[in-house]
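Undergrad: Quick one, entry-v9.cif (mmCIF, C-alpha atoms and all ligand atoms):
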```cif
data_coords
loop_
_atom_site.label_atom_id
_atom_site.label_comp_id
_atom_site.auth_asym_id
_atom_site.auth_seq_id
_atom_site.Cartn_x
_atom_site.Cartn_y
_atom_site.Cartn_z
CA MET A 472 33.98 -93.94 12.36
CA THR A 473 36.06 -90.86 11.54
CA THR A 474 39.63 -91.79 10.62
CA SER A 475 42.60 -89.49 11.23
CA VAL A 476 46.17 -89.95 10.08
CA VAL A 477 48.74 -88.23 12.31
CA THR A 478 52.20 -88.02 10.75
CA GLY A 479 54.87 -87.53 13.42
CA GLY A 480 52.37 -89.12 15.82
CA ALA A 481 55.08 -90.67 18.01
CA GLY A 482 56.59 -87.26 18.69
CA PHE A 483 55.83 -84.79 21.45
CA LEU A 484 52.90 -82.90 19.89
CA GLY A 485 51.77 -85.78 17.67
CA SER A 486 51.30 -88.17 20.60
CA HIS A 487 49.16 -85.63 22.47
CA LEU A 488 47.13 -85.13 19.29
CA CYS A 489 46.62 -88.93 18.97
CA ASP A 490 45.34 -89.01 22.59
CA ARG A 491 42.98 -86.14 21.90
CA LEU A 492 41.57 -87.65 18.68
CA LEU A 493 41.08 -91.09 20.27
CA ALA A 494 39.23 -89.43 23.16
CA ALA A 495 36.96 -87.79 20.55
CA GLY A 496 36.16 -91.24 19.13
CA HIS A 497 38.37 -91.18 16.02
CA ARG A 498 40.21 -94.11 14.55
CA VAL A 499 43.86 -92.94 14.55
CA ILE A 500 46.66 -94.09 12.24
CA CYS A 501 49.97 -92.80 13.59
CA VAL A 502 52.70 -92.65 10.93
CA ASP A 503 56.25 -92.09 12.18
CA ASN A 504 59.80 -93.17 11.33
CA LEU A 505 60.90 -92.69 14.98
CA ASP A 506 63.71 -90.29 13.99
CA THR A 507 63.07 -87.92 16.87
CA GLY A 508 59.94 -89.54 18.28
CA THR A 509 59.73 -92.66 20.41
CA LEU A 510 57.38 -95.57 21.02
CA GLU A 511 57.37 -94.56 24.70
CA ASN A 512 55.18 -91.60 23.76
CA ILE A 513 52.42 -93.91 22.53
CA GLU A 514 52.94 -97.06 24.63
CA HIS A 515 50.18 -95.98 27.06
CA ILE A 516 47.60 -96.17 24.23
CA ARG A 517 45.57 -99.36 24.56
CA ASP A 518 42.74 -98.35 22.21
CA GLU A 519 41.83 -100.80 19.42
CA ALA A 520 41.09 -97.79 17.24
CA PHE A 521 44.83 -96.94 17.23
CA THR A 522 47.37 -98.23 14.70
CA PHE A 523 51.08 -97.40 14.54
CA LEU A 524 52.71 -97.49 11.13
CA GLN A 525 56.49 -97.16 11.04
CA HIS A 526 57.14 -95.33 7.78
CA ASP A 527 59.39 -92.57 6.48
CA LEU A 528 57.17 -89.87 4.94
CA ILE A 529 59.92 -89.08 2.45
CA ASP A 530 58.68 -92.25 0.71
CA HIS A 531 55.25 -92.54 -0.92
CA ILE A 532 52.46 -93.60 1.41
CA GLU A 533 49.20 -95.44 0.63
CA ILE A 534 46.50 -96.20 3.17
CA ALA A 535 43.87 -98.66 2.02
CA GLU A 536 41.02 -97.67 4.29
CA ARG A 537 39.10 -94.39 4.06
CA VAL A 538 40.84 -91.34 5.63
CA ASP A 539 38.96 -88.21 6.75
CA TYR A 540 41.74 -86.08 8.26
CA VAL A 541 45.51 -85.86 7.69
CA PHE A 542 47.43 -83.99 10.39
CA HIS A 543 50.97 -83.53 9.02
CA LEU A 544 53.38 -83.02 11.92
CA ALA A 545 56.34 -85.16 10.80
CA SER A 546 59.53 -83.09 10.91
CA PRO A 547 62.48 -82.62 13.22
CA ALA A 548 61.51 -79.64 15.39
CA SER A 549 64.26 -78.91 17.89
CA PRO A 550 67.27 -76.87 16.72
CA ILE A 551 69.69 -79.64 17.77
CA ASP A 552 67.69 -82.16 15.72
CA TYR A 553 67.48 -80.15 12.52
CA LEU A 554 71.12 -79.08 12.82
CA ARG A 555 72.02 -82.79 13.08
CA LEU A 556 69.64 -83.76 10.23
CA PRO A 557 69.77 -80.83 7.78
CA LEU A 558 69.10 -82.75 4.54
CA HIS A 559 66.48 -84.93 6.15
CA THR A 560 64.71 -81.82 7.45
CA LEU A 561 64.60 -80.33 3.94
CA LYS A 562 63.40 -83.62 2.47
CA VAL A 563 60.61 -84.18 5.00
CA GLY A 564 59.45 -80.58 4.49
CA SER A 565 59.37 -81.07 0.71
CA TYR A 566 58.91 -84.75 -0.34
CA GLY A 567 57.29 -85.60 3.00
CA THR A 568 54.75 -82.79 2.68
CA HIS A 569 54.07 -83.76 -0.98
CA ASN A 570 53.36 -87.32 0.15
CA ALA A 571 51.09 -86.24 3.01
CA LEU A 572 49.20 -83.83 0.73
CA GLY A 573 48.89 -86.52 -1.96
CA LEU A 574 47.37 -88.85 0.62
CA ALA A 575 44.83 -86.17 1.63
CA LYS A 576 44.04 -85.46 -2.02
CA ARG A 577 43.37 -89.11 -2.92
CA HIS A 578 41.09 -89.52 0.11
CA ARG A 579 39.46 -86.07 -0.22
CA ALA A 580 40.51 -85.64 3.42
CA ARG A 581 40.94 -82.42 5.34
CA PHE A 582 44.66 -81.63 5.71
CA LEU A 583 46.57 -79.65 8.34
CA LEU A 584 50.22 -78.63 8.06
CA ALA A 585 52.13 -78.04 11.30
CA SER A 586 54.11 -74.95 10.34
CA THR A 587 56.01 -72.76 12.77
CA SER A 588 56.69 -69.26 14.04
CA GLU A 589 60.17 -69.86 12.56
CA VAL A 590 58.74 -68.79 9.19
CA TYR A 591 58.97 -65.25 10.66
CA GLY A 592 62.73 -65.74 11.29
CA ASP A 593 64.25 -63.00 13.46
CA PRO A 594 61.16 -60.80 13.11
CA LYS A 595 61.14 -57.09 12.44
CA GLU A 596 57.44 -56.91 13.24
CA HIS A 597 56.39 -57.47 16.85
CA PRO A 598 54.17 -59.20 17.79
CA GLN A 599 53.98 -61.35 14.67
CA SER A 600 50.70 -61.43 12.76
CA GLU A 601 49.96 -63.80 9.88
CA GLY A 602 50.33 -60.96 7.34
CA TYR A 603 54.04 -60.53 8.17
CA TRP A 604 56.28 -62.19 5.55
CA GLY A 605 59.25 -62.75 7.84
CA HIS A 606 62.97 -62.09 8.07
CA VAL A 607 64.73 -65.41 7.51
CA ASN A 608 68.39 -66.15 6.77
CA PRO A 609 67.97 -68.89 4.13
CA ILE A 610 71.60 -70.04 4.25
CA GLY A 611 72.25 -69.90 8.01
CA PRO A 612 72.15 -73.04 10.16
CA ARG A 613 68.43 -72.61 10.95
CA GLY A 614 67.64 -72.10 7.24
CA VAL A 615 67.10 -75.84 6.65
CA TYR A 616 64.14 -75.81 9.01
CA ASP A 617 62.78 -72.33 8.29
CA GLU A 618 62.90 -72.76 4.51
CA ALA A 619 61.53 -76.33 4.64
CA LYS A 620 58.51 -74.99 6.50
CA ARG A 621 58.15 -71.98 4.18
CA TYR A 622 58.27 -74.34 1.17
CA ALA A 623 55.75 -76.65 2.88
CA GLU A 624 53.40 -73.69 3.32
CA ALA A 625 53.76 -72.73 -0.36
CA LEU A 626 53.16 -76.34 -1.39
CA THR A 627 50.08 -76.61 0.81
CA MET A 628 48.57 -73.45 -0.70
CA ALA A 629 49.33 -74.80 -4.21
CA TYR A 630 47.54 -78.10 -3.46
CA HIS A 631 44.64 -76.05 -2.20
CA ARG A 632 44.50 -73.59 -5.10
CA GLN A 633 45.34 -75.95 -7.98
CA GLN A 634 44.09 -79.31 -6.71
CA GLY A 635 41.22 -78.22 -4.48
CA VAL A 636 42.52 -79.98 -1.37
CA ASP A 637 40.87 -78.77 1.84
CA THR A 638 44.08 -77.55 3.50
CA HIS A 639 44.83 -75.68 6.73
CA ILE A 640 48.10 -74.28 8.06
CA VAL A 641 48.94 -73.70 11.71
CA ARG A 642 51.97 -71.57 12.65
CA ILE A 643 52.89 -73.03 16.02
CA PHE A 644 54.76 -70.89 18.54
CA ASN A 645 56.98 -72.55 21.19
CA THR A 646 54.89 -75.27 22.83
CA TYR A 647 55.87 -77.39 25.83
CA GLY A 648 54.57 -80.11 28.12
CA PRO A 649 55.14 -83.72 29.17
CA ARG A 650 56.87 -86.09 26.68
CA MET A 651 59.45 -83.58 25.46
CA ARG A 652 62.76 -85.43 25.48
CA PRO A 653 65.01 -84.25 28.35
CA HIS A 654 67.92 -84.00 25.91
CA ASP A 655 66.06 -82.53 22.93
CA GLY A 656 67.94 -79.25 23.43
CA ARG A 657 64.90 -76.99 23.67
CA ALA A 658 64.88 -74.47 26.49
CA ILE A 659 62.09 -75.86 28.70
CA PRO A 660 63.08 -79.57 28.85
CA THR A 661 66.74 -78.57 29.18
CA PHE A 662 66.09 -76.15 32.06
CA ILE A 663 63.80 -78.64 33.82
CA ARG A 664 66.39 -81.43 33.52
CA GLN A 665 69.13 -79.14 34.82
CA ALA A 666 66.96 -77.80 37.66
CA LEU A 667 65.92 -81.27 38.83
CA GLN A 668 69.59 -82.24 39.11
CA ASP A 669 70.60 -78.90 40.75
CA LYS A 670 72.97 -78.42 37.80
CA PRO A 671 73.71 -75.00 36.25
CA ILE A 672 70.90 -73.67 34.02
CA THR A 673 72.46 -72.80 30.67
CA VAL A 674 71.04 -69.51 29.38
CA PHE A 675 72.39 -68.70 25.92
CA GLY A 676 73.60 -65.11 25.49
CA ASP A 677 72.46 -62.59 28.09
CA GLY A 678 69.01 -64.19 28.15
CA SER A 679 67.22 -61.04 26.94
CA GLN A 680 65.80 -62.80 23.85
CA THR A 681 62.10 -63.50 24.27
CA ARG A 682 59.74 -66.40 23.54
CA SER A 683 56.06 -67.06 24.17
CA PHE A 684 55.36 -70.51 25.61
CA CYS A 685 52.10 -72.38 25.03
CA TYR A 686 51.07 -75.42 27.09
CA VAL A 687 50.43 -78.46 24.91
CA SER A 688 46.72 -79.02 25.71
CA ASP A 689 45.94 -75.43 24.67
CA LEU A 690 47.73 -75.91 21.35
CA ILE A 691 46.05 -79.24 20.58
CA GLU A 692 42.63 -77.67 21.19
CA GLY A 693 43.45 -74.96 18.63
CA ILE A 694 44.67 -77.51 16.07
CA VAL A 695 41.52 -79.62 16.18
CA ARG A 696 39.39 -76.48 15.82
CA LEU A 697 41.47 -75.16 12.91
CA ILE A 698 41.23 -78.29 10.73
CA ASP A 699 37.43 -78.05 10.88
CA SER A 700 37.41 -74.35 9.99
CA GLU A 701 37.00 -72.85 6.53
CA ARG A 702 40.30 -70.92 6.80
CA HIS A 703 42.98 -71.99 4.29
CA GLU A 704 45.62 -69.32 4.90
CA PRO A 705 47.95 -69.70 7.93
CA VAL A 706 46.75 -69.11 11.49
CA ASN A 707 49.04 -68.44 14.48
CA LEU A 708 48.54 -70.58 17.56
CA GLY A 709 50.55 -69.78 20.66
CA ASN A 710 50.41 -68.11 24.03
CA PRO A 711 50.89 -64.33 23.74
CA GLY A 712 52.49 -64.16 27.21
CA GLU A 713 56.09 -63.12 26.42
CA PHE A 714 59.11 -63.91 28.63
CA THR A 715 62.84 -63.37 28.34
CA ILE A 716 64.82 -66.61 28.48
CA LEU A 717 66.33 -65.38 31.75
CA GLU A 718 62.80 -65.01 33.16
CA LEU A 719 62.01 -68.52 31.95
CA ALA A 720 65.11 -69.89 33.72
CA GLU A 721 64.08 -68.09 36.93
CA ALA A 722 60.54 -69.48 36.66
CA VAL A 723 61.85 -73.05 36.28
CA VAL A 724 64.09 -72.60 39.34
CA ARG A 725 61.14 -71.23 41.33
CA VAL A 726 58.68 -73.94 40.33
CA THR A 727 61.10 -76.81 40.92
CA GLY A 728 62.53 -75.32 44.14
CA SER A 729 65.97 -75.99 42.65
CA ALA A 730 69.34 -74.84 43.97
CA SER A 731 70.68 -74.47 40.40
CA PRO A 732 72.70 -71.37 39.54
CA ILE A 733 72.05 -69.66 36.20
CA VAL A 734 75.08 -69.57 33.88
CA HIS A 735 75.48 -67.97 30.47
CA GLU A 736 76.75 -69.71 27.32
CA ALA A 737 77.29 -68.54 23.74
CA LEU A 738 74.18 -67.47 21.81
CA PRO A 739 73.64 -69.69 18.72
CA GLN A 740 73.79 -68.05 15.28
CA ASP A 741 70.55 -66.43 14.04
CA ASP A 742 68.75 -67.04 17.35
CA PRO A 743 65.59 -64.90 17.03
CA THR A 744 65.67 -61.92 19.40
CA VAL A 745 61.91 -61.75 20.00
CA ARG A 746 58.85 -63.87 19.37
CA ARG A 747 55.23 -63.35 20.36
CA PRO A 748 52.13 -64.35 18.42
CA ASP A 749 49.35 -61.98 17.50
CA ILE A 750 46.41 -64.37 18.00
CA THR A 751 43.61 -62.00 16.97
CA LEU A 752 42.76 -64.24 14.00
CA ALA A 753 42.57 -67.45 16.08
CA ARG A 754 40.36 -65.66 18.62
CA GLU A 755 38.00 -64.43 15.89
CA LEU A 756 37.92 -67.52 13.67
CA LEU A 757 38.12 -70.31 16.21
CA GLY A 758 37.00 -68.66 19.46
CA TRP A 759 40.34 -69.98 20.75
CA GLU A 760 42.81 -68.64 23.25
CA PRO A 761 45.25 -70.30 25.63
CA THR A 762 44.10 -70.90 29.19
CA ILE A 763 47.27 -72.08 30.97
CA GLU A 764 49.82 -69.59 32.35
CA LEU A 765 53.54 -70.39 32.22
CA GLU A 766 54.15 -71.42 35.85
CA ASP A 767 50.97 -73.54 35.92
CA GLY A 768 52.08 -75.20 32.69
CA LEU A 769 55.52 -75.90 34.14
CA ARG A 770 53.86 -77.56 37.17
CA LEU A 771 51.65 -79.63 34.86
CA THR A 772 54.74 -80.64 32.86
CA LEU A 773 56.52 -81.78 36.02
CA ALA A 774 53.42 -83.65 37.20
CA GLY A 775 53.20 -85.34 33.78
CA MET A 776 56.82 -86.44 34.22
CA GLY A 777 55.92 -87.97 37.59
CA VAL A 778 57.93 -85.35 39.50
CA GLU A 779 56.53 -84.15 42.82
CA VAL A 780 56.25 -80.39 42.73
CA PRO A 781 57.08 -78.37 45.85
CA VAL A 782 54.07 -76.44 47.16
CA GLY A 783 54.59 -72.68 47.39
CA PRO A 784 55.02 -70.81 50.74
P1 LIG A 801 59.08 -84.09 17.70
O1 LIG A 801 60.47 -84.18 17.21
O2 LIG A 801 58.78 -84.59 19.07
O3 LIG A 801 58.07 -84.81 16.71
C1 LIG A 801 58.30 -84.92 15.33
C2 LIG A 801 57.94 -86.33 14.93
O4 LIG A 801 58.08 -86.48 13.50
C3 LIG A 801 58.85 -87.39 15.56
O5 LIG A 801 58.07 -88.42 16.13
C4 LIG A 801 59.69 -87.90 14.39
O6 LIG A 801 60.14 -89.23 14.56
C5 LIG A 801 58.72 -87.73 13.24
N1 LIG A 801 59.38 -87.65 11.93
C6 LIG A 801 60.42 -86.85 11.56
N2 LIG A 801 60.75 -87.07 10.28
C7 LIG A 801 59.89 -88.02 9.82
C8 LIG A 801 59.73 -88.69 8.57
N3 LIG A 801 60.53 -88.40 7.53
N4 LIG A 801 58.77 -89.63 8.45
C9 LIG A 801 57.95 -89.94 9.50
N5 LIG A 801 58.06 -89.33 10.71
C10 LIG A 801 59.02 -88.40 10.86
O7 LIG A 801 58.65 -82.54 17.58
P2 LIG A 801 57.33 -81.78 18.02
O8 LIG A 801 57.72 -80.69 18.92
O9 LIG A 801 56.29 -82.73 18.44
O10 LIG A 801 56.92 -81.10 16.63
C11 LIG A 801 55.87 -81.64 15.81
C12 LIG A 801 55.61 -80.70 14.66
O11 LIG A 801 55.21 -79.42 15.15
C13 LIG A 801 56.82 -80.47 13.76
O12 LIG A 801 56.39 -80.39 12.42
C14 LIG A 801 57.32 -79.10 14.21
O13 LIG A 801 58.00 -78.43 13.17
C15 LIG A 801 56.04 -78.40 14.61
N6 LIG A 801 56.29 -77.35 15.59
C16 LIG A 801 56.51 -77.64 16.91
C17 LIG A 801 56.75 -76.61 17.82
C18 LIG A 801 56.96 -76.86 19.29
O14 LIG A 801 57.17 -75.90 20.02
N7 LIG A 801 56.90 -78.06 19.79
C19 LIG A 801 56.79 -75.29 17.37
C20 LIG A 801 56.59 -75.04 16.01
C21 LIG A 801 56.31 -76.07 15.13
N1 LIG A 802 68.07 -71.63 25.03
C1 LIG A 802 68.91 -71.39 26.11
N2 LIG A 802 69.47 -72.47 26.72
C2 LIG A 802 69.24 -73.76 26.35
C3 LIG A 802 68.36 -73.98 25.24
C4 LIG A 802 67.80 -72.89 24.60
O1 LIG A 802 69.15 -70.24 26.50
O2 LIG A 802 69.80 -74.68 26.96
C5 LIG A 802 67.47 -70.45 24.35
C6 LIG A 802 67.65 -70.44 22.84
O3 LIG A 802 68.89 -69.84 22.51
C7 LIG A 802 66.46 -69.60 22.40
C8 LIG A 802 65.39 -69.95 23.42
O4 LIG A 802 66.07 -70.50 24.55
O5 LIG A 802 66.76 -68.23 22.50
C9 LIG A 802 64.36 -70.96 22.92
O6 LIG A 802 65.08 -72.05 22.38
P1 LIG A 802 64.35 -73.37 21.88
O7 LIG A 802 65.40 -74.24 21.28
O8 LIG A 802 63.51 -73.92 22.97
O9 LIG A 802 63.34 -72.86 20.76
P2 LIG A 802 63.50 -71.89 19.48
O10 LIG A 802 64.85 -71.27 19.45
O11 LIG A 802 63.25 -72.79 18.32
O12 LIG A 802 62.45 -70.87 19.71
#
```
Step by step, read the file and then write its structure as structure tokens.

TA:
Amino acid sequence: MTTSVVTGGAGFLGSHLCDRLLAAGHRVICVDNLDTGTLENIEHIRDEAFTFLQHDLIDHIEIAERVDYVFHLASPASPIDYLRLPLHTLKVGSYGTHNALGLAKRHRARFLLASTSEVYGDPKEHPQSEGYWGHVNPIGPRGVYDEAKRYAEALTMAYHRQQGVDTHIVRIFNTYGPRMRPHDGRAIPTFIRQALQDKPITVFGDGSQTRSFCYVSDLIEGIVRLIDSERHEPVNLGNPGEFTILELAEAVVRVTGSASPIVHEALPQDDPTVRRPDITLARELLGWEPTIELEDGLRLTLAGMGVEVPVGP
């Protein structure tokens, strides 16, 4: 039986990845310290092939049985989480990634690092291709996350080049779906929570900043293809459909049939002005592209939360 370790497996993306790997017949060892993840995300899993290990990746990890794949997703991911946990974020990106890579090395396992579009910072190239080196403020509030991920990428390439580990790096662009925490601070769960309560939708700044939103099942499909590829340098995965945050707020209001007004609040420091992946490489290497449009993905998210979605006119 193929065995996969998923670090951060009790989080939003990690729990969907565990589901996907179990469905493919893998044994799955989910390693998580429950900092920003929750047991609720994995409580539906009844499979005997699944094991949960509560462990902080900052500390050394040994797994006695054979391991074939290590998917390293453990890290705070939402701005409010990494602003609350700045040192922890740097440590999990550095020590945590060392420990996950060491595990893969000892088991001769394939390794995948969950990196992020944040390595591009507030980009001066648009859309962002993998060859762009980024425009990051290392000492701003987001620097703890951006630099942790940039270090983790450098470390992963060093384990590959010097130690021969079979590593892969995915740069994930904003991904959404069921199991995001309603209070995790990210735009989609926040807007959905506000819309469902007919409360004001809080758009930061004038809402002209853009993001590209990928539905979770599309992303997970790309991740499982990437770890089996021969590509070691980073690959972007995300949906190239680009929306302003104001357009996103309007879409959430439309899909939920909410009476919420849209209000504007202060724009956080160093909030990227644009973001859209160039996915040429993923198309060519993996034959991958997203299939779910934003409003369909929002409906699927609501359905996954058990919310009845109003049918259009
Ligand atoms: P999440 O917060 O839901 O999941 C992260 C998980 O990692 C949580 O379960 C948390 O408890 C766990 N974790 C954190 N520190 C840990 C530690 N020291 N030891 C063990 N477990 C630890 O976030 P997510 O959105 O699922 O993100 C997962 C990964 O994908 C992260 O690495 C994130 O940087 C990356 N990513 C996500 C997005 C996105 O849009 N969701 C975008 C870019 C990158
Ligand atoms: N955002 C917003 N209102 C909110 C939460 C977020 O306007 O209540 C904005 C945020 O300023 C950013 C965009 O939505 O411009 C995406 O934010 P998110 O935290 O989801 O992701 P990231 O900034 O990491 O791309």

Undergrad: Using only C-alpha atoms and all ligand atoms, which of A:Ser679, A:Ser586, A:Gln740, A:Asn608 sits nearest ligand LIG 801 (chain A)?

TA: A:Ser586

Undergrad: Would you mind telling me which residue in A:Glu601, A:Glu514, A:Asp593, A:Asp506 lies nearest to Cys489 in chain A when using only C-alpha atoms?

TA: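 Closest to Cys489 in chain A of all the choices is A:Glu514.
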
Undergrad: Give me the box for ligand LIG 801 (chain A) as AutoDock Vina command-line options, namely the centre and edge lengths in Å to one decimal of a box along x, y and z that holds every listed atom plus 6 Å on each side.

TA:
```
--center_x 58.0 --center_y -82.5 --center_z 13.8 --size_x 17.5 --size_y 26.9 --size_z 24.5
```

Undergrad: CA of Asn570 in chain A to atom N2 of ligand LIG 801 (chain A): how many Å, to one decimal?

TA: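 Interatomic distance, CA of Asn570 in chain A to atom N2 of ligand LIG 801 (chain A): 12.5 Å.
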
Undergrad: Pick from A:Leu757, A:Leu493, A:Met651, A:Ile513: nearest to ligand LIG 801 (chain A), with all atoms listed in the file counted?

TA: A:Met651

Undergrad: Show me, as a tab-separated table, the residues of chain A having an atom within 8 Å of ligand LIG 802 (chain A), each with the closest atom pair and its distance in Å, using all atoms listed in the file.

TA:
```
residue	atom	partner	partner_atom	distance
A:Ala548	CA	A:LIG802	O11	7.7
A:Ser549	CA	A:LIG802	O7	5.9
A:Pro550	CA	A:LIG802	O7	5.6
A:Ile551	CA	A:LIG802	O7	7.7
A:Glu589	CA	A:LIG802	O11	7.2
A:Phe644	CA	A:LIG802	O12	7.8
A:Asn645	CA	A:LIG802	O12	5.9
A:Gly656	CA	A:LIG802	C3	5.6
A:Arg657	CA	A:LIG802	O8	3.4
A:Ala658	CA	A:LIG802	C3	3.7
A:Ile659	CA	A:LIG802	O8	6.2
A:Thr661	CA	A:LIG802	O2	5.4
A:Phe662	CA	A:LIG802	O2	6.5
A:Ile672	CA	A:LIG802	O2	7.2
A:Thr673	CA	A:LIG802	O2	4.9
A:Val674	CA	A:LIG802	O1	3.5
A:Phe675	CA	A:LIG802	O1	3.6
A:Gly676	CA	A:LIG802	O1	6.9
A:Gly678	CA	A:LIG802	O1	6.3
A:Gln680	CA	A:LIG802	O5	5.7
A:Thr681	CA	A:LIG802	O5	6.9
A:Arg682	CA	A:LIG802	O12	6.5
A:Ile716	CA	A:LIG802	O4	5.7
A:Leu717	CA	A:LIG802	O1	7.7
A:His735	CA	A:LIG802	O1	7.8
A:Glu736	CA	A:LIG802	O1	7.7
A:Leu738	CA	A:LIG802	O3	5.8
A:Pro739	CA	A:LIG802	O3	6.1
A:Asp742	CA	A:LIG802	O5	5.6
A:Pro743	CA	A:LIG802	O5	6.5
A:Thr744	CA	A:LIG802	O5	7.1
A:Arg746	CA	A:LIG802	O12	7.9
```

Undergrad: Dump C-alpha atoms for the selected residues as an mmCIF file, in the frame of the given file?

TA:
```
data_model
loop_
_atom_site.group_PDB
_atom_site.id
_atom_site.type_symbol
_atom_site.label_atom_id
_atom_site.label_comp_id
_atom_site.auth_asym_id
_atom_site.auth_seq_id
_atom_site.Cartn_x
_atom_site.Cartn_y
_atom_site.Cartn_z
ATOM 1 C CA ALA A 548 61.510 -79.640 15.390
ATOM 2 C CA SER A 549 64.260 -78.910 17.890
ATOM 3 C CA PRO A 550 67.270 -76.870 16.720
ATOM 4 C CA ILE A 551 69.690 -79.640 17.770
ATOM 5 C CA GLU A 589 60.170 -69.860 12.560
ATOM 6 C CA PHE A 644 54.760 -70.890 18.540
ATOM 7 C CA ASN A 645 56.980 -72.550 21.190
ATOM 8 C CA GLY A 656 67.940 -79.250 23.430
ATOM 9 C CA ARG A 657 64.900 -76.990 23.670
ATOM 10 C CA ALA A 658 64.880 -74.470 26.490
ATOM 11 C CA ILE A 659 62.090 -75.860 28.700
ATOM 12 C CA THR A 661 66.740 -78.570 29.180
ATOM 13 C CA PHE A 662 66.090 -76.150 32.060
ATOM 14 C CA ILE A 672 70.900 -73.670 34.020
ATOM 15 C CA THR A 673 72.460 -72.800 30.670
ATOM 16 C CA VAL A 674 71.040 -69.510 29.380
ATOM 17 C CA PHE A 675 72.390 -68.700 25.920
ATOM 18 C CA GLY A 676 73.600 -65.110 25.490
ATOM 19 C CA GLY A 678 69.010 -64.190 28.150
ATOM 20 C CA GLN A 680 65.800 -62.800 23.850
ATOM 21 C CA THR A 681 62.100 -63.500 24.270
ATOM 22 C CA ARG A 682 59.740 -66.400 23.540
ATOM 23 C CA ILE A 716 64.820 -66.610 28.480
ATOM 24 C CA LEU A 717 66.330 -65.380 31.750
ATOM 25 C CA HIS A 735 75.480 -67.970 30.470
ATOM 26 C CA GLU A 736 76.750 -69.710 27.320
ATOM 27 C CA LEU A 738 74.180 -67.470 21.810
ATOM 28 C CA PRO A 739 73.640 -69.690 18.720
ATOM 29 C CA ASP A 742 68.750 -67.040 17.350
ATOM 30 C CA PRO A 743 65.590 -64.900 17.030
ATOM 31 C CA THR A 744 65.670 -61.920 19.400
ATOM 32 C CA ARG A 746 58.850 -63.870 19.370
#
```

Undergrad: One decimal, in Å: what's the spacing between CA of Ile640 in chain A and CA of Pro594 in chain A?

TA: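 Calculated distance between CA of Ile640 in chain A and CA of Pro594 in chain A is 19.4 Å.
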